[in-house]
>>> print(open('coords.pdb').read())   # PDB, C-alpha atoms
ATOM      1  CA  MET A   1     -11.179  48.500  49.019
ATOM      2  CA  LYS A   2      -8.167  48.704  46.771
ATOM      3  CA  THR A   3      -6.933  52.241  46.344
ATOM      4  CA  ILE A   4      -4.204  53.617  44.157
ATOM      5  CA  PRO A   5      -2.028  55.791  46.415
ATOM      6  CA  MET A   6      -1.229  59.305  45.290
ATOM      7  CA  PRO A   7       2.590  59.007  45.628
ATOM      8  CA  MET A   8       2.619  56.266  42.973
ATOM      9  CA  THR A   9       0.487  58.442  40.675
ATOM     10  CA  LEU A  10       2.902  61.335  41.188
ATOM     11  CA  LEU A  11       5.854  59.026  40.483
ATOM     12  CA  MET A  12       4.280  57.790  37.248
ATOM     13  CA  LEU A  13       3.462  61.384  36.291
ATOM     14  CA  ALA A  14       7.106  62.348  36.867
ATOM     15  CA  ILE A  15       8.309  59.371  34.776
ATOM     16  CA  PHE A  16       6.020  60.195  31.839
ATOM     17  CA  THR A  17       6.767  63.934  32.022
ATOM     18  CA  THR A  18      10.513  63.224  31.958
ATOM     19  CA  MET A  19       9.980  60.782  29.078
ATOM     20  CA  VAL A  20       8.061  63.373  27.062
ATOM     21  CA  GLY A  21      10.656  66.050  27.904
ATOM     22  CA  ILE A  22      13.502  63.843  26.660
ATOM     23  CA  ALA A  23      11.550  62.675  23.594
ATOM     24  CA  SER A  24      10.764  66.259  22.571
ATOM     25  CA  THR A  25      14.489  66.792  21.887
ATOM     26  CA  TYR A  26      14.568  63.858  19.441
ATOM     27  CA  PRO A  27      14.025  64.238  15.652
ATOM     28  CA  SER A  28      10.341  64.197  14.727
ATOM     29  CA  GLY A  29      10.317  60.586  13.455
ATOM     30  CA  ALA A  30      11.985  59.212  16.582
ATOM     31  CA  SER A  31       9.938  61.286  19.006
ATOM     32  CA  PHE A  32       6.548  60.340  17.570
ATOM     33  CA  MET A  33       6.059  57.055  19.444
ATOM     34  CA  PRO A  34       7.259  58.293  22.881
ATOM     35  CA  LEU A  35       5.023  61.342  22.516
ATOM     36  CA  THR A  36       2.079  59.186  21.371
ATOM     37  CA  ILE A  37       2.455  57.118  24.524
ATOM     38  CA  GLY A  38       3.667  59.831  26.899
ATOM     39  CA  ILE A  39       1.174  62.653  26.313
ATOM     40  CA  PRO A  40      -1.977  60.515  26.820
ATOM     41  CA  ALA A  41      -0.244  58.896  29.805
ATOM     42  CA  ILE A  42       0.328  62.331  31.383
ATOM     43  CA  GLY A  43      -3.357  63.088  30.824
ATOM     44  CA  LEU A  44      -4.380  59.801  32.444
ATOM     45  CA  CYS A  45      -2.048  60.415  35.408
ATOM     46  CA  LEU A  46      -3.645  63.832  35.924
ATOM     47  CA  LEU A  47      -7.070  62.173  35.722
ATOM     48  CA  GLN A  48      -5.926  59.594  38.280
ATOM     49  CA  LEU A  49      -4.709  62.401  40.548
ATOM     50  CA  ILE A  50      -8.156  64.007  40.373
ATOM     51  CA  LEU A  51      -9.745  60.641  41.232
ATOM     52  CA  ASP A  52      -7.308  60.194  44.140
ATOM     53  CA  LEU A  53      -8.272  63.622  45.465
ATOM     54  CA  TYR A  54     -11.960  62.769  44.971
ATOM     55  CA  ARG A  55     -11.529  59.556  46.988
ATOM     56  CA  ARG A  56      -9.818  61.445  49.789
ATOM     57  CA  ARG A  57     -12.727  63.839  49.998
ATOM     58  CA  ALA A  58     -15.321  61.035  49.856
ATOM     59  CA  PRO A  59     -13.815  58.201  51.901
ATOM     60  CA  ASP A  60     -15.052  54.599  51.947
ATOM     61  CA  THR A  61     -18.182  54.486  54.114
ATOM     62  CA  ASP A  62     -17.284  51.129  55.705
ATOM     63  CA  ALA A  63     -13.817  52.316  56.530
ATOM     64  CA  ALA A  64     -15.250  55.534  57.944
ATOM     65  CA  HIS A  65     -17.341  53.489  60.351
ATOM     66  CA  GLY A  66     -14.373  51.356  61.275
ATOM     67  CA  LYS A  67     -15.956  48.282  59.669
ATOM     68  CA  ARG A  68     -14.128  46.034  57.261
ATOM     69  CA  THR A  69     -16.331  43.783  55.144
ATOM     70  CA  SER A  70     -14.609  40.701  53.810
ATOM     71  CA  MET A  71     -15.304  39.384  50.335
ATOM     72  CA  SER A  72     -17.338  36.466  51.697
ATOM     73  CA  GLU A  73     -19.500  38.877  53.756
ATOM     74  CA  GLU A  74     -20.078  41.027  50.671
ATOM     75  CA  VAL A  75     -21.142  37.986  48.609
ATOM     76  CA  THR A  76     -23.317  36.757  51.520
ATOM     77  CA  ARG A  77     -25.079  40.116  51.605
ATOM     78  CA  ILE A  78     -25.728  40.075  47.839
ATOM     79  CA  ALA A  79     -26.724  36.368  47.673
ATOM     80  CA  GLY A  80     -28.978  36.581  50.735
ATOM     81  CA  GLN A  81     -27.519  33.428  52.272
ATOM     82  CA  ARG A  82     -24.320  32.479  54.045
ATOM     83  CA  VAL A  83     -21.400  31.996  51.636
ATOM     84  CA  GLN A  84     -18.003  30.906  52.908
ATOM     85  CA  PHE A  85     -14.985  30.883  50.613
ATOM     86  CA  GLU A  86     -12.463  28.116  51.044
ATOM     87  CA  MET A  87      -8.986  29.426  51.652
ATOM     88  CA  PRO A  88      -5.936  27.324  50.780
ATOM     89  CA  SER A  89      -4.515  25.983  54.022
ATOM     90  CA  GLU A  90      -1.431  24.118  52.845
ATOM     91  CA  ASN A  91      -0.148  26.852  50.626
ATOM     92  CA  ALA A  92       0.898  29.152  53.435
ATOM     93  CA  LEU A  93       3.234  31.184  51.214
ATOM     94  CA  PHE A  94       0.296  32.777  49.382
ATOM     95  CA  THR A  95      -2.415  33.269  52.003
ATOM     96  CA  GLU A  96      -1.538  36.916  52.292
ATOM     97  CA  SER A  97      -4.937  38.310  53.235
ATOM     98  CA  THR A  98      -5.103  36.382  56.518
ATOM     99  CA  ARG A  99      -1.564  37.153  57.621
ATOM    100  CA  ASP A 100      -0.070  39.933  59.680
ATOM    101  CA  PRO A 101       1.255  42.614  57.256
ATOM    102  CA  ARG A 102       4.622  42.632  59.036
ATOM    103  CA  GLU A 103       4.926  38.889  58.466
ATOM    104  CA  THR A 104       4.071  39.407  54.790
ATOM    105  CA  VAL A 105       6.772  42.065  54.478
ATOM    106  CA  ARG A 106       9.276  39.784  56.238
ATOM    107  CA  ARG A 107       8.520  36.920  53.843
ATOM    108  CA  GLU A 108       8.747  39.217  50.832
ATOM    109  CA  ILE A 109      12.129  40.449  51.991
ATOM    110  CA  VAL A 110      13.286  36.842  52.381
ATOM    111  CA  VAL A 111      12.094  35.892  48.878
ATOM    112  CA  TRP A 112      13.700  39.049  47.452
ATOM    113  CA  GLY A 113      16.911  38.039  49.197
ATOM    114  CA  TYR A 114      16.802  34.613  47.573
ATOM    115  CA  PHE A 115      16.045  36.142  44.167
ATOM    116  CA  LEU A 116      18.853  38.711  44.333
ATOM    117  CA  GLY A 117      21.144  36.028  45.742
ATOM    118  CA  LEU A 118      20.371  33.821  42.740
ATOM    119  CA  ILE A 119      21.097  36.674  40.309
ATOM    120  CA  ALA A 120      24.363  37.549  42.092
ATOM    121  CA  GLY A 121      25.272  33.858  42.252
ATOM    122  CA  VAL A 122      24.616  33.380  38.534
ATOM    123  CA  LEU A 123      26.677  36.454  37.632
ATOM    124  CA  LEU A 124      29.614  35.463  39.848
ATOM    125  CA  LEU A 125      29.538  31.660  39.892
ATOM    126  CA  GLY A 126      27.434  30.800  36.846
ATOM    127  CA  PHE A 127      24.246  28.814  36.386
ATOM    128  CA  ARG A 128      25.801  25.395  37.035
ATOM    129  CA  ILE A 129      26.813  26.313  40.588
ATOM    130  CA  ALA A 130      24.231  28.943  41.582
ATOM    131  CA  VAL A 131      21.073  27.115  40.468
ATOM    132  CA  PRO A 132      21.514  23.910  42.521
ATOM    133  CA  ILE A 133      22.553  25.926  45.604
ATOM    134  CA  PHE A 134      19.480  28.159  45.193
ATOM    135  CA  LEU A 135      17.073  25.267  44.624
ATOM    136  CA  ILE A 136      18.346  23.190  47.546
ATOM    137  CA  THR A 137      18.470  26.062  50.076
ATOM    138  CA  PHE A 138      15.044  27.390  49.053
ATOM    139  CA  LEU A 139      13.420  23.964  49.163
ATOM    140  CA  ARG A 140      15.013  23.185  52.541
ATOM    141  CA  PHE A 141      14.494  26.489  54.370
ATOM    142  CA  GLN A 142      11.429  28.058  52.681
ATOM    143  CA  ALA A 143       9.397  25.110  51.388
ATOM    144  CA  GLY A 144      10.169  23.135  54.551
ATOM    145  CA  THR A 145      11.210  19.891  52.869
ATOM    146  CA  THR A 146      13.713  17.501  54.394
ATOM    147  CA  TRP A 147      17.381  17.704  53.423
ATOM    148  CA  ARG A 148      16.983  14.457  51.469
ATOM    149  CA  SER A 149      14.003  15.750  49.440
ATOM    150  CA  ALA A 150      15.668  19.129  48.908
ATOM    151  CA  LEU A 151      18.827  17.448  47.590
ATOM    152  CA  ILE A 152      16.852  15.106  45.324
ATOM    153  CA  TYR A 153      14.477  17.752  43.891
ATOM    154  CA  GLY A 154      17.098  20.501  43.723
ATOM    155  CA  GLY A 155      19.683  18.212  42.156
ATOM    156  CA  ALA A 156      17.159  16.820  39.669
ATOM    157  CA  GLY A 157      16.052  20.345  38.731
ATOM    158  CA  ALA A 158      19.630  21.495  38.182
ATOM    159  CA  VAL A 159      20.492  18.399  36.118
ATOM    160  CA  ALA A 160      17.297  18.816  34.062
ATOM    161  CA  MET A 161      18.204  22.452  33.365
ATOM    162  CA  TYR A 162      21.735  21.464  32.344
ATOM    163  CA  LEU A 163      20.554  18.672  30.042
ATOM    164  CA  LEU A 164      17.741  20.702  28.491
ATOM    165  CA  PHE A 165      19.613  23.909  27.767
ATOM    166  CA  GLU A 166      23.239  22.885  27.371
ATOM    167  CA  LYS A 167      22.943  19.395  25.855
ATOM    168  CA  ILE A 168      19.639  19.368  23.956
ATOM    169  CA  LEU A 169      19.153  23.026  22.991
ATOM    170  CA  LYS A 170      22.937  23.681  22.747
ATOM    171  CA  VAL A 171      22.629  26.976  24.650
ATOM    172  CA  SER A 172      25.784  27.978  26.511
ATOM    173  CA  LEU A 173      24.722  29.284  29.917
ATOM    174  CA  HIS A 174      26.679  31.981  31.772
ATOM    175  CA  VAL A 175      29.793  30.512  33.385
ATOM    176  CA  GLY A 176      30.202  33.272  35.977
ATOM    177  CA  PHE A 177      32.826  35.997  36.231
ATOM    178  CA  LEU A 178      34.473  34.542  39.323
ATOM    179  CA  THR A 179      34.450  30.992  37.975
ATOM    180  CA  ASP A 180      35.805  32.226  34.649
ATOM    181  CA  TRP A 181      38.606  34.105  36.433
ATOM    182  CA  LEU A 182      39.438  31.106  38.619
ATOM    183  CA  ILE A 183      39.578  28.775  35.611
ATOM    184  CA  ALA A 184      41.897  31.248  33.861
ATOM    185  CA  GLN A 185      44.109  31.478  36.977
ATOM    186  CA  ILE A 186      44.349  27.706  37.315
ATOM    187  CA  GLY A 187      45.039  27.461  33.619
ATOM    188  CA  LEU A 188      42.365  24.953  32.672
TER     189      LEU A 188
ATOM    190  CA  MET B   1      -3.658  13.519  30.820
ATOM    191  CA  ARG B   2      -5.558  12.749  34.026
ATOM    192  CA  TRP B   3      -2.274  12.626  35.946
ATOM    193  CA  ALA B   4      -1.818  16.355  35.203
ATOM    194  CA  VAL B   5      -4.479  17.025  37.862
ATOM    195  CA  LEU B   6      -1.897  15.950  40.432
ATOM    196  CA  LEU B   7      -0.010  19.169  39.705
ATOM    197  CA  THR B   8      -2.762  21.104  41.484
ATOM    198  CA  PHE B   9      -1.816  19.345  44.725
ATOM    199  CA  VAL B  10       1.822  20.400  44.579
ATOM    200  CA  ASN B  11       2.705  22.805  47.380
ATOM    201  CA  GLY B  12       3.164  26.287  45.887
ATOM    202  CA  ALA B  13       6.263  26.931  47.955
ATOM    203  CA  MET B  14       7.941  24.003  46.187
ATOM    204  CA  LEU B  15       7.110  25.389  42.757
ATOM    205  CA  VAL B  16       8.447  28.885  43.459
ATOM    206  CA  PRO B  17      12.197  28.128  43.160
ATOM    207  CA  PHE B  18      11.734  26.226  39.892
ATOM    208  CA  ILE B  19       9.621  29.033  38.418
ATOM    209  CA  VAL B  20      12.206  31.618  39.498
ATOM    210  CA  VAL B  21      15.005  29.578  37.934
ATOM    211  CA  MET B  22      13.067  29.206  34.672
ATOM    212  CA  ALA B  23      12.413  32.957  34.608
ATOM    213  CA  VAL B  24      16.101  33.726  35.184
ATOM    214  CA  VAL B  25      17.274  31.195  32.592
ATOM    215  CA  GLY B  26      14.637  32.459  30.131
ATOM    216  CA  ALA B  27      15.764  36.054  30.586
ATOM    217  CA  TYR B  28      19.386  35.020  29.978
ATOM    218  CA  VAL B  29      18.918  32.748  26.938
ATOM    219  CA  SER B  30      16.659  35.217  25.097
ATOM    220  CA  GLU B  31      19.795  37.094  23.972
ATOM    221  CA  GLY B  32      22.570  35.176  25.705
ATOM    222  CA  GLN B  33      23.771  38.279  27.562
ATOM    223  CA  TRP B  34      24.280  38.619  31.316
ATOM    224  CA  GLN B  35      22.993  42.208  31.171
ATOM    225  CA  ASN B  36      19.511  40.754  30.678
ATOM    226  CA  LEU B  37      19.677  39.571  34.296
ATOM    227  CA  VAL B  38      20.136  43.179  35.426
ATOM    228  CA  VAL B  39      17.130  44.157  33.302
ATOM    229  CA  LEU B  40      15.213  41.299  34.945
ATOM    230  CA  VAL B  41      15.978  42.706  38.416
ATOM    231  CA  VAL B  42      14.927  46.219  37.356
ATOM    232  CA  LEU B  43      11.653  45.014  35.815
ATOM    233  CA  SER B  44      11.002  42.807  38.852
ATOM    234  CA  THR B  45      11.382  45.868  41.074
ATOM    235  CA  VAL B  46       8.930  47.797  38.901
ATOM    236  CA  GLY B  47       6.484  44.874  39.000
ATOM    237  CA  TYR B  48       6.778  44.639  42.777
ATOM    238  CA  ALA B  49       6.155  48.392  43.146
ATOM    239  CA  LEU B  50       3.050  48.062  40.959
ATOM    240  CA  LEU B  51       1.841  45.153  43.115
ATOM    241  CA  ARG B  52       2.490  46.985  46.386
ATOM    242  CA  PHE B  53       0.725  50.167  45.241
ATOM    243  CA  ASN B  54      -2.236  48.312  43.687
ATOM    244  CA  TRP B  55      -1.450  49.274  40.123
ATOM    245  CA  PRO B  56      -2.428  46.703  37.458
ATOM    246  CA  ARG B  57       0.535  44.696  36.132
ATOM    247  CA  ALA B  58      -1.146  43.313  32.988
ATOM    248  CA  PRO B  59      -0.925  46.560  30.939
ATOM    249  CA  PHE B  60       2.745  46.868  31.906
ATOM    250  CA  VAL B  61       3.477  43.329  30.690
ATOM    251  CA  ILE B  62       1.462  43.869  27.492
ATOM    252  CA  GLY B  63       3.350  47.126  26.916
ATOM    253  CA  VAL B  64       6.736  45.448  27.346
ATOM    254  CA  VAL B  65       5.790  42.539  25.062
ATOM    255  CA  LEU B  66       3.898  44.433  22.368
ATOM    256  CA  GLY B  67       5.656  47.820  22.555
ATOM    257  CA  LYS B  68       8.229  47.089  19.863
ATOM    258  CA  ILE B  69       5.652  45.555  17.502
ATOM    259  CA  ALA B  70       3.295  48.496  18.077
ATOM    260  CA  GLU B  71       6.052  51.023  17.345
ATOM    261  CA  GLU B  72       7.066  49.299  14.106
ATOM    262  CA  SER B  73       3.438  48.992  12.994
ATOM    263  CA  LEU B  74       2.734  52.635  13.820
ATOM    264  CA  HIS B  75       5.684  53.798  11.711
ATOM    265  CA  LYS B  76       4.553  51.589   8.808
ATOM    266  CA  ALA B  77       0.998  52.937   9.076
ATOM    267  CA  LEU B  78       2.227  56.532   9.180
ATOM    268  CA  GLU B  79       4.403  55.961   6.099
ATOM    269  CA  LEU B  80       1.379  54.556   4.255
ATOM    270  CA  TRP B  81      -1.309  56.982   5.375
ATOM    271  CA  GLY B  82       0.395  59.885   7.140
ATOM    272  CA  LEU B  83      -1.572  61.488   9.984
ATOM    273  CA  ARG B  84      -4.791  60.525   8.130
ATOM    274  CA  PHE B  85      -4.149  57.091   9.661
ATOM    275  CA  PHE B  86      -5.792  58.339  12.869
ATOM    276  CA  THR B  87      -8.988  59.282  11.053
ATOM    277  CA  ARG B  88      -9.436  55.975   9.226
ATOM    278  CA  PRO B  89     -12.604  54.062  10.209
ATOM    279  CA  LEU B  90     -10.870  51.241  12.088
ATOM    280  CA  SER B  91      -8.624  53.715  13.933
ATOM    281  CA  LEU B  92     -11.657  55.766  14.924
ATOM    282  CA  VAL B  93     -13.423  52.663  16.236
ATOM    283  CA  LEU B  94     -10.383  51.699  18.317
ATOM    284  CA  ILE B  95      -9.939  55.268  19.618
ATOM    285  CA  GLY B  96     -13.644  55.302  20.494
ATOM    286  CA  LEU B  97     -13.302  52.020  22.405
ATOM    287  CA  ILE B  98     -10.313  53.369  24.344
ATOM    288  CA  VAL B  99     -12.141  56.574  25.252
ATOM    289  CA  ALA B 100     -15.261  54.599  26.254
ATOM    290  CA  THR B 101     -13.172  52.279  28.453
ATOM    291  CA  ILE B 102     -11.533  55.217  30.234
ATOM    292  CA  ALA B 103     -14.849  57.021  30.618
ATOM    293  CA  TYR B 104     -16.467  53.892  32.080
ATOM    294  CA  ALA B 105     -13.590  53.445  34.536
ATOM    295  CA  VAL B 106     -13.921  57.068  35.652
ATOM    296  CA  TYR B 107     -17.689  56.673  35.980
ATOM    297  CA  GLN B 108     -17.237  53.582  38.136
ATOM    298  CA  ASN B 109     -14.923  55.550  40.415
ATOM    299  CA  VAL B 110     -17.106  58.571  40.928
ATOM    300  CA  ARG B 111     -20.632  57.071  41.007
ATOM    301  CA  PRO B 112     -22.088  56.335  44.460
ATOM    302  CA  ARG B 113     -22.544  52.597  45.160
ATOM    303  CA  HIS B 114     -24.444  50.575  47.768
ATOM    304  CA  GLY B 115     -22.998  51.381  51.160
ATOM    305  CA  GLY B 116     -20.733  54.005  49.686
ATOM    306  CA  LEU B 117     -18.245  51.493  48.278
ATOM    307  CA  GLN B 118     -16.373  52.635  45.204
ATOM    308  CA  LYS B 119     -14.577  50.492  42.697
ATOM    309  CA  PRO B 120     -11.024  51.486  41.835
ATOM    310  CA  VAL B 121      -9.995  52.337  38.281
ATOM    311  CA  ALA B 122      -7.710  49.370  38.152
ATOM    312  CA  SER B 123      -7.937  46.196  40.152
TER     313      SER B 123
END
>>> encode(input="coords.pdb", output="structure tokens")
Amino acid sequence: MKTIPMPMTLLMLAIFTTMVGIASTYPSGASFMPLTIGIPAIGLCLLQLILDLYRRRAPDTDAAHGKRTSMSEEVTRIAGQRVQFEMPSENALFTESTRDPRETVRREIVVWGYFLGLIAGVLLLGFRIAVPIFLITFLRFQAGTTWRSALIYGGAGAVAMYLLFEKILKVSLHVGFLTDWLIAQIGL
Amino acid sequence: MRWAVLLTFVNGAMLVPFIVVMAVVGAYVSEGQWQNLVVLVVLSTVGYALLRFNWPRAPFVIGVVLGKIAEESLHKALELWGLRFFTRPLSLVLIGLIVATIAYAVYQNVRPRHGGLQKPVAS
């Protein structure tokens, strides 16, 4: 069963309460929208808190008996005959429900690392350098392709991005602070 | 367009980097400012927190996309009708639908179900 943990409810309550507190110092016209959103949201957070407390007092029966029913077992029980869902086997990156939670966390940290690395790379080196490096390393080390495929797909993706945005749409992509500084130092 | 079916056989892990790059480029070119990338990281963190704590992401996305339009429309409506805007028939119908939706969600959470299972408010 999916549950909404109380700490998140408390966090959202704190966010909306702060928002309403700040908005109440604004002039009436400017504060109307934040108050229109914030006050009902505070009410809903309080309602959610009550529901969270209610759930704690009346826990999930299956969980209380130490039994976890899978979705296929639930459907089997309702349908009256055996139902087996097919799970994607190739797409290992997204079969979260069958994986060890620690492994899921490890993979999420890795993907977050790649994402933040891409953002940092774009800010420092620019799109033209950061994007091909990101695509090739991700395809090679996370998607498990060969170096040849990673270079072909990553290079093609980077070239397609360059042609689409810079040549066809005439959008100037971020050059990168470090690259910009280096170009200025060299005097190009 | 039959060849488009082939896309369903593409390994998801190979699509991820291209989707991430498109999201990053899209965030940048929307205003052409690097600060948008910082906003992207912040909103990604919020989205991840919502995912981890089983909060629905769809209302958050709708709020981000439609928030500005809703605010402008609300101010226009208030200039036209004042606070009477909230008691107009269409407004009352929409308010009623919102209240009914919340009430139904609460009812689903508190009512006893087969085997004691309870549905969450948001899934």
>>> residues_around(input="coords.pdb", residues="Ser149 of chain A", least_positions_apart="3", cutoff="9 Å", atoms="only C-alpha atoms", output="PyMOL selection string")
chain A and resi 136+139-140+145-146+152-154
>>> atom_distance(input="coords.pdb", atom1="atom CA of Gly21 of chain A", atom2="atom CA of Leu46 of chain A")
16.5 Å
>>> residues_near_point(input="coords.pdb", point="(3.0, 48.5, 23.6)", cutoff="12 Å", atoms="all atoms listed in the file", output="VMD selection string")
(chain A and resid 33 to 34 36 to 38) or (chain B and resid 58 to 74)
>>> closest_atom_pairs(input="coords.pdb", of="segment 5-123 of chain B", to="segment 95-118 of chain A", cutoff="9 Å", atoms="all atoms listed in the file", output="tab-separated table")
residue	atom	partner	partner_atom	distance
B:Pro17	CA	A:Phe115	CA	8.9
B:Val20	CA	A:Phe115	CA	7.6
B:Val21	CA	A:Leu118	CA	8.4
B:Val24	CA	A:Leu118	CA	8.7
B:Val41	CA	A:Leu116	CA	7.7
>>> axis_aligned_box(input="coords.pdb", around="segment 17-21 of chain A", padding_each_side="8 Å", output="JSON")
{"center_x": 8.7, "center_y": 63.4, "center_z": 29.5, "size_x": 19.9, "size_y": 21.3, "size_z": 21.0}
>>> closest_residue(input="coords.pdb", among="B:Ala4, B:Leu37, B:Val99, B:Ala27", to="chain A", atoms="only C-alpha atoms")
B:Leu37
>>> residues_near_point(input="coords.pdb", point="(22.5, 26.4, 42.0)", cutoff="10 Å", atoms="only C-alpha atoms", output="list of chain:residue names")
A:Leu118, A:Gly121, A:Val122, A:Leu125, A:Gly126, A:Phe127, A:Arg128, A:Ile129, A:Ala130, A:Val131, A:Pro132, A:Ile133, A:Phe134, A:Leu135, A:Ile136, A:Thr137, A:Gly154, A:Gly155, A:Gly157, A:Ala158, B:Val21
>>> atom_distance(input="coords.pdb", atom1="atom CA of Ile95 of chain B", atom2="atom CA of Leu80 of chain B")
19.1 Å
>>> closest_residue(input="coords.pdb", among="B:Leu94, B:Leu51, B:Val29, B:Ala105", to="chain A", atoms="only C-alpha atoms")
B:Val29
>>> residues_around(input="coords.pdb", residues="Ile22 of chain A", least_positions_apart="4", cutoff="12 Å", atoms="only C-alpha atoms", output="list in words")
Ile15, Phe16, Thr17, Thr18, Tyr26, Pro27, Ala30, Ser31, Phe32, Pro34, Leu35 and Gly38 of chain A
>>> closest_residue(input="coords.pdb", among="A:Ala23, A:Leu182, A:Cys45, A:Val171", to="chain B", atoms="all atoms listed in the file")
A:Val171
>>> atom_distance(input="coords.pdb", atom1="atom CA of Met14 of chain B", atom2="atom CA of Arg148 of chain A")
14.2 Å
>>> closest_residue(input="coords.pdb", among="B:Ser30, B:Asn54, B:Arg111, B:Arg2", to="chain A", atoms="all atoms listed in the file")
B:Asn54
>>> closest_residue(input="coords.pdb", among="A:Thr76, A:Gln142, A:Gln185, A:Thr25", to="chain B", atoms="only C-alpha atoms")
A:Gln142
>>> closest_residue(input="coords.pdb", among="A:Leu11, A:Trp147, A:Leu173, A:Leu124", to="chain B", atoms="only C-alpha atoms")
A:Leu173
